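Notes follow the structure.
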Amino acid sequence: MLGGFLGAGKTTAIAKLARWLSDKGLRVGLITNDQGSQLVDTTMLRAGGFPVEEIAGGCFCCRFNSLIEAAERLTANNRPEVFLAEPVGSCTDLVATVTYPLRKIYGDAFSIAPLSVIVDPCVPCAS
């Protein structure tokens with residue numbers, strides 16, 4: 001999972017990472033997430049040629065089962081070797097509510113990477 005606040009560059013980073021992994025010969029599956037519906041991130045990543053599943057209407061922690069179902073659909077349709085997931089920018093406790101349960105429940109079947117977070121520092125910051 002690649003987290004970060006709204007506008008930090010998560011989608012751009014995921015697109016570049018997905019392209020880099022694909023260029024290395026790995027199959028990549030992407031999962032997008034937001035509180036709203038019809039996510040712009042999903043459209044943008046699909047336009048890049050990647051298989052994408054979308055979880056709208058709530059964060060990964062509130063929609064944990066939907067996250068699992070999205071991964072299962074990607075697995076059935078595309079057999080990705082790497083999943084990249086972009087949680088909604090306002091979700092703050094992803095380690096406790098998503099990463100830990102994924103490791104506990106699915107750790108024997110999958111290698112769960114640590115949560116990465118993108119920070120967009122303001123330069124210069126207003127005082």
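Numbering starts fresh at 1 for the residues of each chain in the structure tokens, the chains themselves are lettered A, B, ... in the order given, and ligands are numbered from 1 as they appear.
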
Any idea what's packed within 8 Å of Ala85 (chain A), counting only C-alpha atoms, ignoring anything in its chain fewer than 5 positions away? Could you give it as an mmCIF file with C-alpha atoms, in the first residue's frame?
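out-v4.cif, written as the output of this step:
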data_model
loop_
_atom_site.group_PDB
_atom_site.id
_atom_site.type_symbol
_atom_site.label_atom_id
_atom_site.label_comp_id
_atom_site.auth_asym_id
_atom_site.auth_seq_id
_atom_site.Cartn_x
_atom_site.Cartn_y
_atom_site.Cartn_z
ATOM 1 C CA MET A 1 0.000 0.000 0.000
ATOM 2 C CA LEU A 2 1.123 3.470 -0.836
ATOM 3 C CA LEU A 30 -3.757 -2.181 -8.896
ATOM 4 C CA ILE A 31 -6.425 -1.376 -6.335
ATOM 5 C CA THR A 32 -7.737 2.173 -5.959
ATOM 6 C CA ASN A 33 -9.816 3.560 -3.134
#

Could you give me, as a Markdown table, every region 37-72 of chain A residue with an atom at most 12 Å from region 6-11 of chain A, plus its closest atom pair and distance in Å to one decimal, counting only C-alpha atoms, rows ordered by chain then number?
| residue | atom | partner | partner_atom | distance |
| --- | --- | --- | --- | --- |
| A:Leu39 | CA | A:Thr11 | CA | 11.3 |
| A:Val40 | CA | A:Thr11 | CA | 9.7 |
| A:Asp41 | CA | A:Thr11 | CA | 6.4 |
| A:Thr42 | CA | A:Thr11 | CA | 9.0 |
| A:Thr43 | CA | A:Thr11 | CA | 10.9 |
| A:Met44 | CA | A:Thr11 | CA | 8.5 |
| A:Leu45 | CA | A:Thr11 | CA | 7.8 |
| A:Arg46 | CA | A:Thr11 | CA | 11.6 |
| A:Gly48 | CA | A:Thr11 | CA | 11.5 |

Export of the given selection (N, CA and C atoms) as an mmCIF file, in the first residue's frame:
data_model
loop_
_atom_site.group_PDB
_atom_site.id
_atom_site.type_symbol
_atom_site.label_atom_id
_atom_site.label_comp_id
_atom_site.auth_asym_id
_atom_site.auth_seq_id
_atom_site.Cartn_x
_atom_site.Cartn_y
_atom_site.Cartn_z
ATOM 1 N N LEU A 39 -13.938 6.852 -9.520
ATOM 2 C CA LEU A 39 -12.666 7.444 -9.154
ATOM 3 C C LEU A 39 -11.826 7.851 -10.356
ATOM 4 N N VAL A 40 -11.326 9.058 -10.336
ATOM 5 C CA VAL A 40 -10.434 9.560 -11.374
ATOM 6 C C VAL A 40 -9.156 8.717 -11.410
ATOM 7 N N ASP A 41 -8.660 8.324 -10.236
ATOM 8 C CA ASP A 41 -7.437 7.514 -10.164
ATOM 9 C C ASP A 41 -7.593 6.206 -10.939
ATOM 10 N N THR A 42 -8.739 5.577 -10.805
ATOM 11 C CA THR A 42 -8.999 4.326 -11.512
ATOM 12 C C THR A 42 -8.938 4.547 -13.017
ATOM 13 N N THR A 43 -9.599 5.577 -13.480
ATOM 14 C CA THR A 43 -9.614 5.885 -14.909
ATOM 15 C C THR A 43 -8.210 6.147 -15.429
ATOM 16 N N MET A 44 -7.442 6.929 -14.679
ATOM 17 C CA MET A 44 -6.087 7.262 -15.100
ATOM 18 C C MET A 44 -5.204 6.012 -15.167
ATOM 19 N N LEU A 45 -5.276 5.158 -14.164
ATOM 20 C CA LEU A 45 -4.433 3.966 -14.142
ATOM 21 C C LEU A 45 -4.862 2.949 -15.199
ATOM 22 N N ARG A 46 -6.148 2.817 -15.425
ATOM 23 C CA ARG A 46 -6.613 1.923 -16.500
ATOM 24 C C ARG A 46 -6.141 2.428 -17.860
ATOM 25 N N GLY A 48 -3.470 3.728 -18.457
ATOM 26 C CA GLY A 48 -2.073 3.315 -18.566
ATOM 27 C C GLY A 48 -1.925 1.848 -18.923
#

Near-region 51-58 of chain A list (10 Å; only C-alpha atoms; drop same-chain fewer than 6 positions) as a ChimeraX atom specification | /A:27-39,41-45,64,66-67,69-74,77-78,80,83-88,91

Would you mind exporting N, CA, C and O atoms of the selected residues as a compact mmCIF listing (two decimals), in the first residue's frame?
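File part.txt, as written:
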# COMPACT_ATOMS: atom_id res chain seq x y z
N ARG A 27 3.79 -9.11 -13.59
CA ARG A 27 2.38 -8.78 -13.76
C ARG A 27 1.92 -8.01 -12.51
O ARG A 27 2.12 -8.46 -11.38
N VAL A 28 1.30 -6.86 -12.74
CA VAL A 28 0.91 -5.97 -11.66
C VAL A 28 -0.60 -5.81 -11.65
O VAL A 28 -1.23 -5.68 -12.70
N GLY A 29 -1.19 -5.82 -10.47
CA GLY A 29 -2.61 -5.52 -10.29
C GLY A 29 -2.74 -4.34 -9.34
O GLY A 29 -2.05 -4.28 -8.32
N LEU A 30 -3.60 -3.40 -9.68
CA LEU A 30 -3.76 -2.18 -8.90
C LEU A 30 -5.13 -2.12 -8.25
O LEU A 30 -6.13 -2.56 -8.84
N ILE A 31 -5.16 -1.56 -7.04
CA ILE A 31 -6.42 -1.38 -6.34
C ILE A 31 -6.49 0.08 -5.89
O ILE A 31 -5.59 0.56 -5.19
N THR A 32 -7.53 0.78 -6.34
CA THR A 32 -7.74 2.17 -5.96
C THR A 32 -8.85 2.28 -4.94
O THR A 32 -9.68 1.37 -4.81
N ASN A 33 -8.87 3.41 -4.23
CA ASN A 33 -9.82 3.56 -3.13
C ASN A 33 -10.12 5.03 -2.90
O ASN A 33 -9.24 5.87 -2.98
N ASP A 34 -11.40 5.33 -2.64
CA ASP A 34 -11.78 6.68 -2.25
C ASP A 34 -13.16 6.65 -1.62
O ASP A 34 -13.87 5.64 -1.70
N GLN A 35 -13.51 7.75 -1.00
CA GLN A 35 -14.82 7.85 -0.35
C GLN A 35 -15.94 8.02 -1.38
O GLN A 35 -17.05 7.59 -1.13
N GLY A 36 -15.65 8.64 -2.50
CA GLY A 36 -16.66 8.91 -3.52
C GLY A 36 -16.85 7.73 -4.46
O GLY A 36 -16.46 6.61 -4.18
N SER A 37 -17.45 8.01 -5.61
CA SER A 37 -17.65 6.97 -6.63
C SER A 37 -17.02 7.43 -7.93
O SER A 37 -16.71 8.62 -8.09
N GLN A 38 -16.85 6.53 -8.88
CA GLN A 38 -16.26 6.82 -10.18
C GLN A 38 -14.94 7.56 -10.03
O GLN A 38 -14.81 8.74 -10.35
N LEU A 39 -13.94 6.85 -9.52
CA LEU A 39 -12.67 7.44 -9.15
C LEU A 39 -11.83 7.85 -10.36
O LEU A 39 -11.61 7.06 -11.27
N ASP A 41 -8.66 8.32 -10.24
CA ASP A 41 -7.44 7.51 -10.16
C ASP A 41 -7.59 6.21 -10.94
O ASP A 41 -6.69 5.79 -11.66
N THR A 42 -8.74 5.58 -10.80
CA THR A 42 -9.00 4.33 -11.51
C THR A 42 -8.94 4.55 -13.02
O THR A 42 -8.28 3.79 -13.74
N THR A 43 -9.60 5.58 -13.48
CA THR A 43 -9.61 5.89 -14.91
C THR A 43 -8.21 6.15 -15.43
O THR A 43 -7.82 5.63 -16.48
N MET A 44 -7.44 6.93 -14.68
CA MET A 44 -6.09 7.26 -15.10
C MET A 44 -5.20 6.01 -15.17
O MET A 44 -4.46 5.82 -16.14
N LEU A 45 -5.28 5.16 -14.16
CA LEU A 45 -4.43 3.97 -14.14
C LEU A 45 -4.86 2.95 -15.20
O LEU A 45 -4.02 2.31 -15.82
N PHE A 64 -12.70 -3.60 4.35
CA PHE A 64 -11.65 -4.62 4.30
C PHE A 64 -12.05 -5.80 3.43
O PHE A 64 -11.26 -6.27 2.61
N SER A 66 -14.06 -5.81 0.94
CA SER A 66 -14.02 -5.37 -0.46
C SER A 66 -12.59 -5.37 -0.99
O SER A 66 -12.37 -5.67 -2.17
N LEU A 67 -11.63 -5.03 -0.14
CA LEU A 67 -10.22 -5.08 -0.54
C LEU A 67 -9.83 -6.51 -0.89
O LEU A 67 -9.20 -6.76 -1.92
N GLU A 69 -11.87 -8.94 -1.79
CA GLU A 69 -12.60 -9.33 -3.00
C GLU A 69 -11.95 -8.74 -4.26
O GLU A 69 -11.88 -9.40 -5.29
N ALA A 70 -11.47 -7.50 -4.16
CA ALA A 70 -10.79 -6.87 -5.30
C ALA A 70 -9.52 -7.64 -5.65
O ALA A 70 -9.25 -7.90 -6.83
N ALA A 71 -8.77 -8.02 -4.64
CA ALA A 71 -7.54 -8.80 -4.87
C ALA A 71 -7.88 -10.16 -5.48
O ALA A 71 -7.18 -10.64 -6.38
N GLU A 72 -8.96 -10.76 -5.04
CA GLU A 72 -9.38 -12.06 -5.59
C GLU A 72 -9.79 -11.92 -7.06
O GLU A 72 -9.47 -12.78 -7.88
N ARG A 73 -10.51 -10.83 -7.41
CA ARG A 73 -10.90 -10.61 -8.81
C ARG A 73 -9.67 -10.40 -9.69
O ARG A 73 -9.58 -10.96 -10.79
N LEU A 74 -8.73 -9.61 -9.21
CA LEU A 74 -7.50 -9.40 -9.97
C LEU A 74 -6.75 -10.72 -10.14
O LEU A 74 -6.23 -11.00 -11.22
N ASN A 77 -8.54 -12.87 -12.77
CA ASN A 77 -8.53 -12.34 -14.13
C ASN A 77 -7.14 -12.07 -14.69
O ASN A 77 -6.95 -12.14 -15.91
N ASN A 78 -6.18 -11.74 -13.84
CA ASN A 78 -4.89 -11.26 -14.33
C ASN A 78 -3.68 -11.94 -13.71
O ASN A 78 -2.57 -11.73 -14.20
N PRO A 80 -1.80 -11.33 -11.01
CA PRO A 80 -0.67 -10.44 -10.74
C PRO A 80 0.33 -11.07 -9.78
O PRO A 80 -0.04 -11.83 -8.88
N PHE A 83 0.72 -6.70 -6.16
CA PHE A 83 -0.43 -5.83 -6.00
C PHE A 83 0.07 -4.48 -5.50
O PHE A 83 0.89 -4.43 -4.58
N LEU A 84 -0.46 -3.41 -6.06
CA LEU A 84 -0.21 -2.07 -5.55
C LEU A 84 -1.57 -1.49 -5.18
O LEU A 84 -2.49 -1.51 -6.00
N ALA A 85 -1.69 -1.00 -3.97
CA ALA A 85 -2.97 -0.50 -3.50
C ALA A 85 -2.81 0.93 -3.01
O ALA A 85 -1.87 1.25 -2.28
N GLU A 86 -3.74 1.77 -3.43
CA GLU A 86 -3.74 3.18 -3.05
C GLU A 86 -4.94 3.49 -2.17
O GLU A 86 -6.06 3.65 -2.66
N PRO A 87 -4.75 3.57 -0.86
CA PRO A 87 -5.86 3.90 0.02
C PRO A 87 -6.25 5.37 -0.09
O PRO A 87 -5.45 6.21 -0.51
N VAL A 88 -7.45 5.68 0.32
CA VAL A 88 -7.93 7.06 0.34
C VAL A 88 -6.98 7.89 1.21
O VAL A 88 -6.47 7.42 2.21
N CYS A 91 -7.31 8.27 5.19
CA CYS A 91 -7.24 7.11 6.08
C CYS A 91 -5.90 7.15 6.81
O CYS A 91 -4.84 7.22 6.19

Between A:Val98, A:Leu26, A:Leu21, A:Val82, which one has atoms that come closest to Cys61 (chain A), using only C-alpha atoms?
-> A:Val98

Please identify which residues in chain A DSSP calls helix (DSSP H, G or I) from the backbone, and express them as a PyMOL selection string.
-> chain A and resi 10-23+40-47+64-78+94-106

Could you tell me, as a ChimeraX atom specification, which residues of chain A DSSP assigns to strand (DSSP E or B) when given the backbone?
-> /A:2-4,28-34,52-56,82-86,116-118

One decimal place gives the CA of Asp23 (chain A)-CA of Ala113 (chain A) separation as 20.4 Å
